[in-house]
file run24.txt (compact mmCIF, C-alpha atoms)
# COMPACT_ATOMS: atom_id res chain seq x y z
CA MET A 1432 21.91 5.67 -8.93
CA TYR A 1433 19.71 3.02 -7.38
CA LYS A 1434 19.94 -0.59 -8.56
CA GLU A 1435 16.37 -1.67 -7.83
CA LYS A 1436 12.98 -0.09 -7.18
CA ILE A 1437 10.08 -1.61 -5.31
CA VAL A 1438 6.53 -0.55 -4.48
CA ILE A 1439 5.24 -1.12 -0.96
CA LYS A 1440 1.56 -0.71 -0.13
CA VAL A 1441 0.58 -0.37 3.53
CA GLY A 1442 -3.10 -0.55 4.39
CA THR A 1443 -5.15 1.10 7.11
CA ASN A 1444 -5.49 -2.15 9.05
CA VAL A 1445 -1.72 -2.45 9.33
CA MET A 1446 -1.14 0.98 10.82
CA THR A 1447 -4.11 1.11 13.21
CA ASN A 1448 -5.10 -0.64 16.42
CA ARG A 1449 -8.50 -1.98 17.43
CA ASP A 1450 -9.58 1.53 18.42
CA ASN A 1451 -8.83 2.77 14.88
CA LYS A 1452 -5.93 4.88 16.09
CA ILE A 1453 -2.70 5.16 14.15
CA VAL A 1454 0.10 3.16 15.77
CA ARG A 1455 3.25 5.20 15.30
CA PRO A 1456 5.71 2.36 16.08
CA VAL A 1457 4.28 0.49 13.08
CA LEU A 1458 5.05 3.46 10.83
CA ARG A 1459 8.52 3.75 12.34
CA GLU A 1460 9.25 0.08 11.68
CA LEU A 1461 8.06 0.53 8.11
CA VAL A 1462 10.34 3.53 7.57
CA ARG A 1463 13.26 1.77 9.28
CA GLN A 1464 13.11 -0.97 6.69
CA ILE A 1465 12.77 1.49 3.81
CA ALA A 1466 15.85 3.29 5.15
CA GLU A 1467 17.74 -0.01 5.29
CA LEU A 1468 16.80 -0.71 1.69
CA TYR A 1469 17.99 2.78 0.75
CA GLU A 1470 21.41 1.92 2.14
CA ARG A 1471 21.41 -1.08 -0.21
CA ASP A 1472 20.60 1.17 -3.19
CA ILE A 1473 17.02 -0.11 -3.33
CA MET A 1474 14.50 2.72 -3.72
CA THR A 1475 10.94 2.47 -2.50
CA ILE A 1476 7.69 3.97 -3.67
CA LEU A 1477 5.32 3.85 -0.70
CA VAL A 1478 1.57 3.65 -1.27
CA SER A 1479 0.02 4.51 2.06
CA SER A 1480 -3.53 4.58 3.33
CA GLY A 1481 -4.42 6.34 6.57
CA SER A 1482 -5.60 9.83 5.64
CA VAL A 1483 -9.24 9.21 6.58
CA ILE A 1484 -8.29 7.72 9.95
CA ALA A 1485 -5.86 10.58 10.58
CA GLY A 1486 -8.62 13.07 9.77
CA LYS A 1487 -10.97 11.39 12.22
CA GLU A 1488 -8.35 11.65 14.95
CA VAL A 1489 -8.23 15.42 14.39
CA LEU A 1490 -11.89 16.23 13.73
CA GLY A 1491 -13.59 13.57 15.79
CA LYS A 1492 -17.21 12.79 15.06
CA SER A 1493 -18.53 14.63 12.01
CA SER A 1494 -22.04 16.05 11.67
CA ILE A 1495 -21.98 15.52 7.88
CA LYS A 1496 -24.60 12.98 6.82
CA ASN A 1497 -23.39 12.25 3.29
CA LYS A 1498 -20.82 9.44 3.51
CA THR A 1499 -18.86 10.50 0.44
CA GLN A 1500 -18.63 14.11 1.56
CA LYS A 1501 -17.65 12.99 5.05
CA ARG A 1502 -14.84 10.86 3.61
CA GLN A 1503 -13.66 13.81 1.54
CA VAL A 1504 -13.52 16.03 4.61
CA TYR A 1505 -11.70 13.47 6.76
CA SER A 1506 -9.19 12.85 3.98
CA ALA A 1507 -8.55 16.54 3.35
CA ILE A 1508 -7.83 17.03 7.06
CA GLY A 1509 -5.90 13.81 7.51
CA GLN A 1510 -3.63 13.79 4.46
CA PRO A 1511 -1.30 16.58 5.66
CA ARG A 1512 -1.25 14.98 9.10
CA MET A 1513 -0.15 11.64 7.61
CA MET A 1514 2.57 13.40 5.64
CA ARG A 1515 3.75 15.21 8.75
CA LEU A 1516 4.03 11.88 10.56
CA TYR A 1517 6.00 10.36 7.68
CA TYR A 1518 8.12 13.48 7.22
CA ASN A 1519 9.21 13.43 10.84
CA ILE A 1520 10.05 9.72 10.86
CA PHE A 1521 11.94 9.85 7.56
CA HIS A 1522 13.79 12.92 8.84
CA ASP A 1523 14.91 10.91 11.88
CA TYR A 1524 16.58 8.49 9.43
CA GLY A 1525 18.15 11.31 7.43
CA MET A 1526 15.81 10.78 4.49
CA LYS A 1527 13.37 12.88 2.48
CA CYS A 1528 9.85 12.00 1.35
CA ALA A 1529 7.32 13.60 -0.99
CA GLN A 1530 3.57 13.48 -1.43
CA VAL A 1531 1.98 12.18 -4.64
CA LEU A 1532 -1.82 12.23 -4.93
CA PRO A 1533 -2.79 10.59 -8.23
CA THR A 1534 -6.24 10.15 -9.69
CA LYS A 1535 -7.27 7.46 -12.14
CA ARG A 1536 -6.80 9.68 -15.20
CA ASP A 1537 -3.08 9.88 -14.41
CA PHE A 1538 -2.72 6.27 -15.59
CA SER A 1539 -4.50 6.74 -18.92
CA PRO A 1540 -2.24 6.90 -22.00
CA GLY A 1541 -1.12 10.43 -22.77
CA VAL A 1542 0.28 13.46 -21.04
CA HIS A 1543 -1.08 12.67 -17.56
CA ARG A 1544 0.57 9.25 -17.54
CA GLN A 1545 3.89 10.68 -18.69
CA ASN A 1546 3.67 13.38 -16.03
CA MET A 1547 3.24 10.68 -13.38
CA ILE A 1548 6.25 8.76 -14.67
CA ASN A 1549 8.38 11.92 -14.76
CA CYS A 1550 7.38 12.89 -11.23
CA VAL A 1551 8.02 9.49 -9.64
CA GLU A 1552 11.25 8.79 -11.53
CA GLY A 1553 12.49 12.32 -10.78
CA LEU A 1554 11.92 11.86 -7.05
CA LEU A 1555 13.65 8.48 -7.05
CA SER A 1556 16.65 9.90 -8.91
CA GLU A 1557 17.01 12.51 -6.15
CA GLY A 1558 16.85 9.87 -3.42
CA VAL A 1559 13.40 11.04 -2.27
CA ILE A 1560 10.74 8.50 -1.25
CA PRO A 1561 7.42 9.14 -3.05
CA ILE A 1562 4.43 8.52 -0.81
CA ALA A 1563 1.32 7.98 -2.90
CA ASN A 1564 -2.29 7.86 -1.81
CA GLU A 1565 -5.51 8.26 -3.70
CA ASP A 1566 -6.68 11.85 -3.47
CA ASP A 1567 -9.87 11.02 -1.59
CA ALA A 1568 -10.68 14.70 -1.20
CA VAL A 1569 -11.48 14.99 -4.93
CA SER A 1570 -11.63 11.40 -6.24
CA VAL A 1571 -15.24 10.28 -6.16
CA THR A 1572 -17.43 7.96 -8.25
CA MET A 1573 -15.84 7.15 -11.64
CA SER A 1574 -12.52 8.86 -10.86
CA MET A 1575 -11.88 6.63 -7.84
CA PHE A 1576 -9.56 3.67 -7.65
CA SER A 1577 -11.30 0.67 -6.17
CA ASP A 1578 -8.76 0.90 -3.33
CA ASN A 1579 -5.05 1.50 -2.76
CA ASP A 1580 -4.29 -2.08 -3.80
CA GLU A 1581 -5.27 -1.06 -7.33
CA LEU A 1582 -3.20 2.13 -7.04
CA ALA A 1583 -0.14 0.19 -5.88
CA SER A 1584 -0.49 -2.31 -8.72
CA LEU A 1585 -0.86 0.46 -11.30
CA ILE A 1586 2.18 2.34 -9.97
CA ALA A 1587 4.25 -0.85 -9.98
CA GLN A 1588 3.33 -1.40 -13.62
CA LEU A 1589 3.81 2.28 -14.47
CA VAL A 1590 7.44 2.35 -13.30
CA ASN A 1591 8.20 -1.29 -14.12
CA ALA A 1592 9.01 -2.05 -10.49
CA ASP A 1593 11.20 -5.00 -9.56
CA LYS A 1594 8.81 -6.06 -6.79
CA LEU A 1595 5.42 -5.14 -5.33
CA ILE A 1596 4.82 -5.80 -1.64
CA ILE A 1597 1.26 -5.53 -0.32
CA LEU A 1598 1.25 -5.34 3.47
CA THR A 1599 -1.90 -6.39 5.29
CA ASP A 1600 -2.79 -7.51 8.81
CA ILE A 1601 -2.68 -11.26 8.14
CA ASP A 1602 0.13 -13.46 6.86
CA GLY A 1603 -1.17 -13.90 3.31
CA VAL A 1604 -3.84 -15.81 1.40
CA TYR A 1605 -5.30 -18.79 3.25
CA THR A 1606 -7.46 -21.71 2.23
CA GLY A 1607 -10.05 -20.58 4.79
CA HIS A 1608 -10.31 -18.28 7.79
CA PRO A 1609 -6.77 -17.37 8.85
CA ASP A 1610 -7.52 -18.29 12.48
CA ALA A 1611 -8.92 -21.74 11.69
CA GLU A 1612 -6.63 -24.69 12.40
CA SER A 1613 -7.80 -26.32 9.18
CA SER A 1614 -6.64 -23.35 7.07
CA ASP A 1615 -3.28 -23.36 5.34
CA LEU A 1616 -1.28 -20.43 4.05
CA ILE A 1617 -1.01 -20.50 0.27
CA GLU A 1618 2.69 -19.88 -0.33
CA SER A 1619 2.67 -19.29 -4.07
CA VAL A 1620 0.12 -18.34 -6.73
CA ASN A 1621 0.45 -17.78 -10.46
CA PRO A 1622 -1.24 -14.85 -12.21
CA ASN A 1623 -3.89 -17.02 -13.87
CA GLU A 1624 -4.79 -19.18 -10.88
CA ASN A 1625 -8.39 -18.91 -9.69
CA LEU A 1626 -8.65 -18.91 -5.89
CA ASP A 1627 -12.25 -17.71 -5.63
CA LYS A 1628 -13.19 -20.77 -3.60
CA TYR A 1629 -10.77 -19.63 -0.89
CA ILE A 1630 -11.54 -15.91 -0.94
CA LYS A 1631 -14.57 -15.69 1.28
CA ASP A 1632 -15.81 -13.01 3.67
CA SER A 1633 -13.78 -14.65 6.42
CA ASN A 1634 -10.61 -14.09 4.38
CA LYS A 1635 -11.21 -10.38 3.82
CA SER A 1636 -9.98 -7.40 5.75
CA GLU A 1637 -12.28 -5.54 8.05
CA GLY A 1638 -12.24 -2.05 9.51
CA GLU A 1639 -11.69 1.21 7.67
CA GLY A 1640 -9.84 -0.12 4.64
CA ARG A 1641 -11.76 -0.57 1.38
CA GLY A 1642 -9.75 -3.47 -0.01
CA GLY A 1643 -10.28 -7.06 1.15
CA MET A 1644 -8.11 -10.07 0.38
CA GLY A 1645 -9.91 -10.70 -2.89
CA SER A 1646 -8.92 -7.23 -4.07
CA LYS A 1647 -5.32 -7.70 -2.96
CA LEU A 1648 -5.03 -10.99 -4.82
CA ASP A 1649 -6.67 -9.61 -7.99
CA TYR A 1650 -4.28 -6.67 -8.23
CA ALA A 1651 -1.31 -8.78 -7.18
CA GLN A 1652 -2.06 -11.12 -10.08
CA GLN A 1653 -2.36 -8.19 -12.49
CA ALA A 1654 1.09 -6.94 -11.50
CA ALA A 1655 2.56 -10.45 -11.57
CA ALA A 1656 1.20 -10.95 -15.09
CA LYS A 1657 3.46 -8.03 -16.09
CA ASN A 1658 6.43 -9.95 -14.64
CA ILE A 1659 6.47 -8.02 -11.35
CA PRO A 1660 6.80 -10.54 -8.48
CA THR A 1661 4.23 -9.56 -5.87
CA TYR A 1662 4.01 -10.48 -2.20
CA ILE A 1663 1.05 -10.34 0.19
CA ALA A 1664 2.41 -10.38 3.73
CA ASN A 1665 1.82 -9.28 7.31
CA GLY A 1666 2.92 -5.69 7.84
CA LYS A 1667 2.46 -5.87 11.59
CA ASN A 1668 5.41 -8.25 11.90
CA ASP A 1669 8.90 -6.81 12.25
CA ASN A 1670 11.31 -7.07 9.33
CA THR A 1671 8.73 -8.38 6.85
CA ILE A 1672 10.01 -6.24 3.97
CA ILE A 1673 13.67 -7.06 4.55
CA ASP A 1674 12.84 -10.76 4.80
CA ILE A 1675 11.11 -10.63 1.43
CA ILE A 1676 13.98 -8.76 -0.21
CA GLU A 1677 16.49 -11.27 1.19
CA GLY A 1678 14.50 -14.18 -0.22
CA ASN A 1679 13.25 -15.53 3.08
CA PHE A 1680 9.76 -17.01 2.93
CA VAL A 1681 7.11 -14.55 4.02
CA GLY A 1682 3.42 -14.59 3.12
CA THR A 1683 2.01 -15.41 -0.31
CA LYS A 1684 4.12 -14.86 -3.43
CA VAL A 1685 2.32 -14.18 -6.70
CA SER A 1686 4.53 -14.60 -9.76
CA LEU A 1687 4.89 -16.15 -13.19
call {"tool": "encode", "arguments": {"input": "run24.txt", "output": "structure tokens"}}
result
Amino acid sequence: MYKEKIVIKVGTNVMTNRDNKIVRPVLRELVRQIAELYERDIMTILVSSGSVIAGKEVLGKSSIKNKTQKRQVYSAIGQPRMMRLYYNIFHDYGMKCAQVLPTKRDFSPGVHRQNMINCVEGLLSEGVIPIANEDDAVSVTMSMFSDNDELASLIAQLVNADKLIILTDIDGVYTGHPDAESSDLIESVNPNENLDKYIKDSNKSEGEGRGGMGSKLDYAQQAAAKNIPTYIANGKNDNTIIDIIEGNFVGTKVSL
């Protein structure tokens, strides 16, 4: 039986390069760390973006004009490809993974919520890593999460995770643009702290991902308010997850 469970969210900007292509060594480094945690009896629930990008790599340019429909198509094509990538890497480490595609109704009180809990807890008890992603192929309009940051926060609260780690492509929350010499990394934040003055367009993610830094901080604070220490850190750096678990300073910590 595992002694701890954590939720790790990896965004599109972490796993892609400037050409919006999936960088497999980044995924391998992610899985390597999850495998190391497994050896320490720490189980991970992985919330992973990437299906839309993976679909674009397969289909190429789409002739569909409607943006929502186009996203649905890319996601439907890309989701099995992402799972194949993860399956192969986890297999290399002697581990098993499983796909979980929740929609927003699965977190509403009642049978859907309990089904989600049963599924995730059942997988963890069997030593299988759940890989969750919003089901973009069918989740549109009101049934959508705002982004996978929200999904990760909700899952962390659903299973009462010991930690939530949100991996992005910068080191954490800054007082200004991350590249500016005058900007400082904010090392710790409490759930009720208002940092709106720091969360500007220059401090948001770009590219294919839907969630900017403001979104990450909002959902990190929601999880932290439920006594789940949450970290926003750079997923492109090696050993980020292990450093966090071992108590070494990495990124921005959001906690009570």
call {"tool": "residues_around", "arguments": {"input": "run24.txt", "residues": "Leu1532 (chain A)", "least_positions_apart": "2", "cutoff": "8 Å", "atoms": "all atoms listed in the file", "output": "ChimeraX atom specification"}}
result
/A:1530,1534,1563-1566
call {"tool": "write_last_selection", "arguments": {"input": "run24.txt", "atoms": "C-alpha atoms", "output": "PDB file, keeping the file's coordinate frame"}}
result
ATOM      1  CA  GLN A1530       3.570  13.480  -1.430  1.00  0.00           C
ATOM      2  CA  THR A1534      -6.240  10.150  -9.690  1.00  0.00           C
ATOM      3  CA  ALA A1563       1.320   7.980  -2.900  1.00  0.00           C
ATOM      4  CA  ASN A1564      -2.290   7.860  -1.810  1.00  0.00           C
ATOM      5  CA  GLU A1565      -5.510   8.260  -3.700  1.00  0.00           C
ATOM      6  CA  ASP A1566      -6.680  11.850  -3.470  1.00  0.00           C
TER       7      ASP A1566
END
call {"tool": "residues_near_point", "arguments": {"input": "run24.txt", "point": "(21.0, 2.7, -3.8)", "cutoff": "9 Å", "atoms": "all atoms listed in the file", "output": "VMD selection string"}}
result
chain A and resid 1432 to 1435 1468 to 1474 1558
call {"tool": "residues_around", "arguments": {"input": "run24.txt", "residues": "region 1458-1467 of chain A", "least_positions_apart": "6", "cutoff": "9 Å", "atoms": "only C-alpha atoms", "output": "MDAnalysis selection string"}}
result
chainID A and resid 1441 1446 1473:1475 1516:1517 1520:1521 1524:1526 1560 1666 1669:1673
call {"tool": "residues_around", "arguments": {"input": "run24.txt", "residues": "Asn1668 (chain A)", "least_positions_apart": "4", "cutoff": "9 Å", "atoms": "all atoms listed in the file", "output": "VMD selection string"}}
result
chain A and resid 1457 1600 1602 1664
call {"tool": "atom_distance", "arguments": {"input": "run24.txt", "atom1": "CA of Cys1528 (chain A)", "atom2": "CA of Gly1682 (chain A)"}}
result
27.4 Å
call {"tool": "residues_around", "arguments": {"input": "run24.txt", "residues": "Gln1653 (chain A)", "least_positions_apart": "6", "cutoff": "9 Å", "atoms": "all atoms listed in the file", "output": "NGL selection string"}}
result
:A and (1584-1585 or 1588 or 1622 or 1659)
call {"tool": "write_last_selection", "arguments": {"input": "run24.txt", "atoms": "C-alpha atoms", "output": "mmCIF file, keeping the file's coordinate frame"}}
result
data_model
loop_
_atom_site.group_PDB
_atom_site.id
_atom_site.type_symbol
_atom_site.label_atom_id
_atom_site.label_comp_id
_atom_site.auth_asym_id
_atom_site.auth_seq_id
_atom_site.Cartn_x
_atom_site.Cartn_y
_atom_site.Cartn_z
ATOM 1 C CA SER A 1584 -0.490 -2.310 -8.720
ATOM 2 C CA LEU A 1585 -0.860 0.460 -11.300
ATOM 3 C CA GLN A 1588 3.330 -1.400 -13.620
ATOM 4 C CA PRO A 1622 -1.240 -14.850 -12.210
ATOM 5 C CA ILE A 1659 6.470 -8.020 -11.350
#
call {"tool": "residues_around", "arguments": {"input": "run24.txt", "residues": "Leu1477 (chain A)", "least_positions_apart": "4", "cutoff": "7 Å", "atoms": "only C-alpha atoms", "output": "mmCIF file with C-alpha atoms, in the frame of the given file"}}
result
data_model
loop_
_atom_site.group_PDB
_atom_site.id
_atom_site.type_symbol
_atom_site.label_atom_id
_atom_site.label_comp_id
_atom_site.auth_asym_id
_atom_site.auth_seq_id
_atom_site.Cartn_x
_atom_site.Cartn_y
_atom_site.Cartn_z
ATOM 1 C CA VAL A 1438 6.530 -0.550 -4.480
ATOM 2 C CA ILE A 1439 5.240 -1.120 -0.960
ATOM 3 C CA LYS A 1440 1.560 -0.710 -0.130
ATOM 4 C CA PRO A 1561 7.420 9.140 -3.050
ATOM 5 C CA ILE A 1562 4.430 8.520 -0.810
ATOM 6 C CA ALA A 1563 1.320 7.980 -2.900
#
call {"tool": "closest_residue", "arguments": {"input": "run24.txt", "among": "A:Glu1677, A:Asp1578, A:Asp1615, A:Asp1610", "to": "Gly1645 (chain A)", "atoms": "only C-alpha atoms"}}
result
A:Asp1578
call {"tool": "atom_distance", "arguments": {"input": "run24.txt", "atom1": "CA of Ser1686 (chain A)", "atom2": "CA of Val1478 (chain A)"}}
result
20.3 Å
call {"tool": "closest_residue", "arguments": {"input": "run24.txt", "among": "A:Asp1649, A:Leu1598, A:Asn1451, A:Ile1663", "to": "Leu1616 (chain A)", "atoms": "all atoms listed in the file"}}
result
A:Ile1663
call {"tool": "closest_residue", "arguments": {"input": "run24.txt", "among": "A:Ala1529, A:Pro1540, A:Asn1579, A:Val1559", "to": "Gly1481 (chain A)", "atoms": "all atoms listed in the file"}}
result
A:Asn1579
call {"tool": "closest_residue", "arguments": {"input": "run24.txt", "among": "A:Ile1601, A:Ile1617, A:Ile1476, A:Ala1655", "to": "Gly1643 (chain A)", "atoms": "all atoms listed in the file"}}
result
A:Ile1601
call {"tool": "atom_distance", "arguments": {"input": "run24.txt", "atom1": "CA of Asn1591 (chain A)", "atom2": "CA of Asn1658 (chain A)"}}
result
8.9 Å
call {"tool": "closest_residue", "arguments": {"input": "run24.txt", "among": "A:Ile1495, A:Ala1654, A:Val1531, A:Leu1490", "to": "Asp1593 (chain A)", "atoms": "all atoms listed in the file"}}
result
A:Ala1654
call {"tool": "closest_residue", "arguments": {"input": "run24.txt", "among": "A:Asn1549, A:Ser1494, A:Asn1519, A:Asn1621", "to": "Val1590 (chain A)", "atoms": "all atoms listed in the file"}}
result
A:Asn1549
call {"tool": "decode", "arguments": {"input": "run24.txt", "residues": "region 1511-1546 of chain A", "atoms": "N, CA and C atoms", "output": "short mmCIF file (atom, residue, chain, number, x, y, z; two decimals), in the first residue's frame"}}
result
data_model
loop_
_atom_site.label_atom_id
_atom_site.label_comp_id
_atom_site.auth_asym_id
_atom_site.auth_seq_id
_atom_site.Cartn_x
_atom_site.Cartn_y
_atom_site.Cartn_z
N PRO A 1511 -5.35 9.19 -28.05
CA PRO A 1511 -4.74 7.85 -28.05
C PRO A 1511 -3.25 7.89 -28.35
N ARG A 1512 -2.83 8.88 -29.12
CA ARG A 1512 -1.39 8.99 -29.41
C ARG A 1512 -0.62 9.38 -28.15
N MET A 1513 -1.17 10.32 -27.37
CA MET A 1513 -0.53 10.68 -26.10
C MET A 1513 -0.44 9.48 -25.18
N MET A 1514 -1.52 8.71 -25.11
CA MET A 1514 -1.51 7.55 -24.23
C MET A 1514 -0.52 6.49 -24.71
N ARG A 1515 -0.37 6.36 -26.00
CA ARG A 1515 0.62 5.41 -26.52
C ARG A 1515 2.03 5.84 -26.14
N LEU A 1516 2.29 7.15 -26.23
CA LEU A 1516 3.60 7.66 -25.81
C LEU A 1516 3.85 7.35 -24.35
N TYR A 1517 2.86 7.69 -23.50
CA TYR A 1517 3.01 7.43 -22.06
C TYR A 1517 3.11 5.93 -21.78
N TYR A 1518 2.28 5.14 -22.44
CA TYR A 1518 2.29 3.70 -22.20
C TYR A 1518 3.68 3.12 -22.46
N ASN A 1519 4.27 3.53 -23.56
CA ASN A 1519 5.59 2.99 -23.92
C ASN A 1519 6.67 3.40 -22.93
N ILE A 1520 6.62 4.66 -22.48
CA ILE A 1520 7.64 5.13 -21.54
C ILE A 1520 7.45 4.47 -20.18
N PHE A 1521 6.21 4.42 -19.69
CA PHE A 1521 5.97 3.75 -18.41
C PHE A 1521 6.36 2.27 -18.49
N HIS A 1522 6.09 1.65 -19.62
CA HIS A 1522 6.46 0.24 -19.81
C HIS A 1522 7.97 0.06 -19.69
N ASP A 1523 8.73 1.01 -20.21
CA ASP A 1523 10.19 0.95 -20.11
C ASP A 1523 10.65 0.94 -18.65
N TYR A 1524 9.86 1.54 -17.78
CA TYR A 1524 10.19 1.58 -16.34
C TYR A 1524 9.47 0.48 -15.56
N GLY A 1525 8.85 -0.45 -16.28
CA GLY A 1525 8.17 -1.55 -15.63
C GLY A 1525 6.90 -1.15 -14.92
N MET A 1526 6.25 -0.09 -15.40
CA MET A 1526 5.06 0.43 -14.75
C MET A 1526 3.86 0.40 -15.70
N LYS A 1527 2.69 0.52 -15.12
CA LYS A 1527 1.44 0.56 -15.89
C LYS A 1527 0.76 1.91 -15.70
N CYS A 1528 0.07 2.36 -16.75
CA CYS A 1528 -0.70 3.60 -16.67
C CYS A 1528 -2.09 3.37 -17.23
N ALA A 1529 -3.00 4.28 -16.93
CA ALA A 1529 -4.39 4.16 -17.38
C ALA A 1529 -4.92 5.53 -17.75
N GLN A 1530 -5.86 5.55 -18.66
CA GLN A 1530 -6.46 6.80 -19.12
C GLN A 1530 -7.74 7.10 -18.36
N VAL A 1531 -7.86 8.35 -17.90
CA VAL A 1531 -9.07 8.83 -17.25
C VAL A 1531 -9.46 10.14 -17.93
N LEU A 1532 -10.68 10.20 -18.48
CA LEU A 1532 -11.12 11.39 -19.21
C LEU A 1532 -12.38 11.96 -18.54
N PRO A 1533 -12.21 12.73 -17.48
CA PRO A 1533 -13.37 13.25 -16.76
C PRO A 1533 -14.00 14.47 -17.45
N THR A 1534 -15.25 14.68 -17.15
CA THR A 1534 -15.92 15.92 -17.50
C THR A 1534 -16.34 16.61 -16.20
N LYS A 1535 -16.82 17.82 -16.29
CA LYS A 1535 -17.08 18.60 -15.09
C LYS A 1535 -18.15 17.96 -14.20
N ARG A 1536 -19.10 17.26 -14.79
CA ARG A 1536 -20.17 16.65 -13.99
C ARG A 1536 -19.62 15.57 -13.06
N ASP A 1537 -18.46 15.03 -13.37
CA ASP A 1537 -17.90 13.97 -12.54
C ASP A 1537 -17.45 14.48 -11.17
N PHE A 1538 -17.44 15.80 -10.99
CA PHE A 1538 -17.03 16.36 -9.70
C PHE A 1538 -18.21 16.93 -8.92
N SER A 1539 -19.41 16.80 -9.48
CA SER A 1539 -20.61 17.23 -8.77
C SER A 1539 -21.00 16.16 -7.76
N PRO A 1540 -21.55 16.56 -6.61
CA PRO A 1540 -21.95 15.57 -5.60
C PRO A 1540 -22.90 14.54 -6.19
N GLY A 1541 -22.70 13.29 -5.82
CA GLY A 1541 -23.57 12.23 -6.31
C GLY A 1541 -22.80 11.07 -6.89
N VAL A 1542 -23.48 10.31 -7.73
CA VAL A 1542 -22.93 9.06 -8.22
C VAL A 1542 -21.71 9.27 -9.12
N HIS A 1543 -21.71 10.34 -9.94
CA HIS A 1543 -20.58 10.56 -10.83
C HIS A 1543 -19.30 10.82 -10.04
N ARG A 1544 -19.42 11.63 -9.00
CA ARG A 1544 -18.27 11.94 -8.15
C ARG A 1544 -17.72 10.67 -7.48
N GLN A 1545 -18.63 9.86 -6.95
CA GLN A 1545 -18.19 8.63 -6.30
C GLN A 1545 -17.55 7.67 -7.29
N ASN A 1546 -18.07 7.64 -8.51
CA ASN A 1546 -17.47 6.80 -9.54
C ASN A 1546 -16.04 7.24 -9.85
#
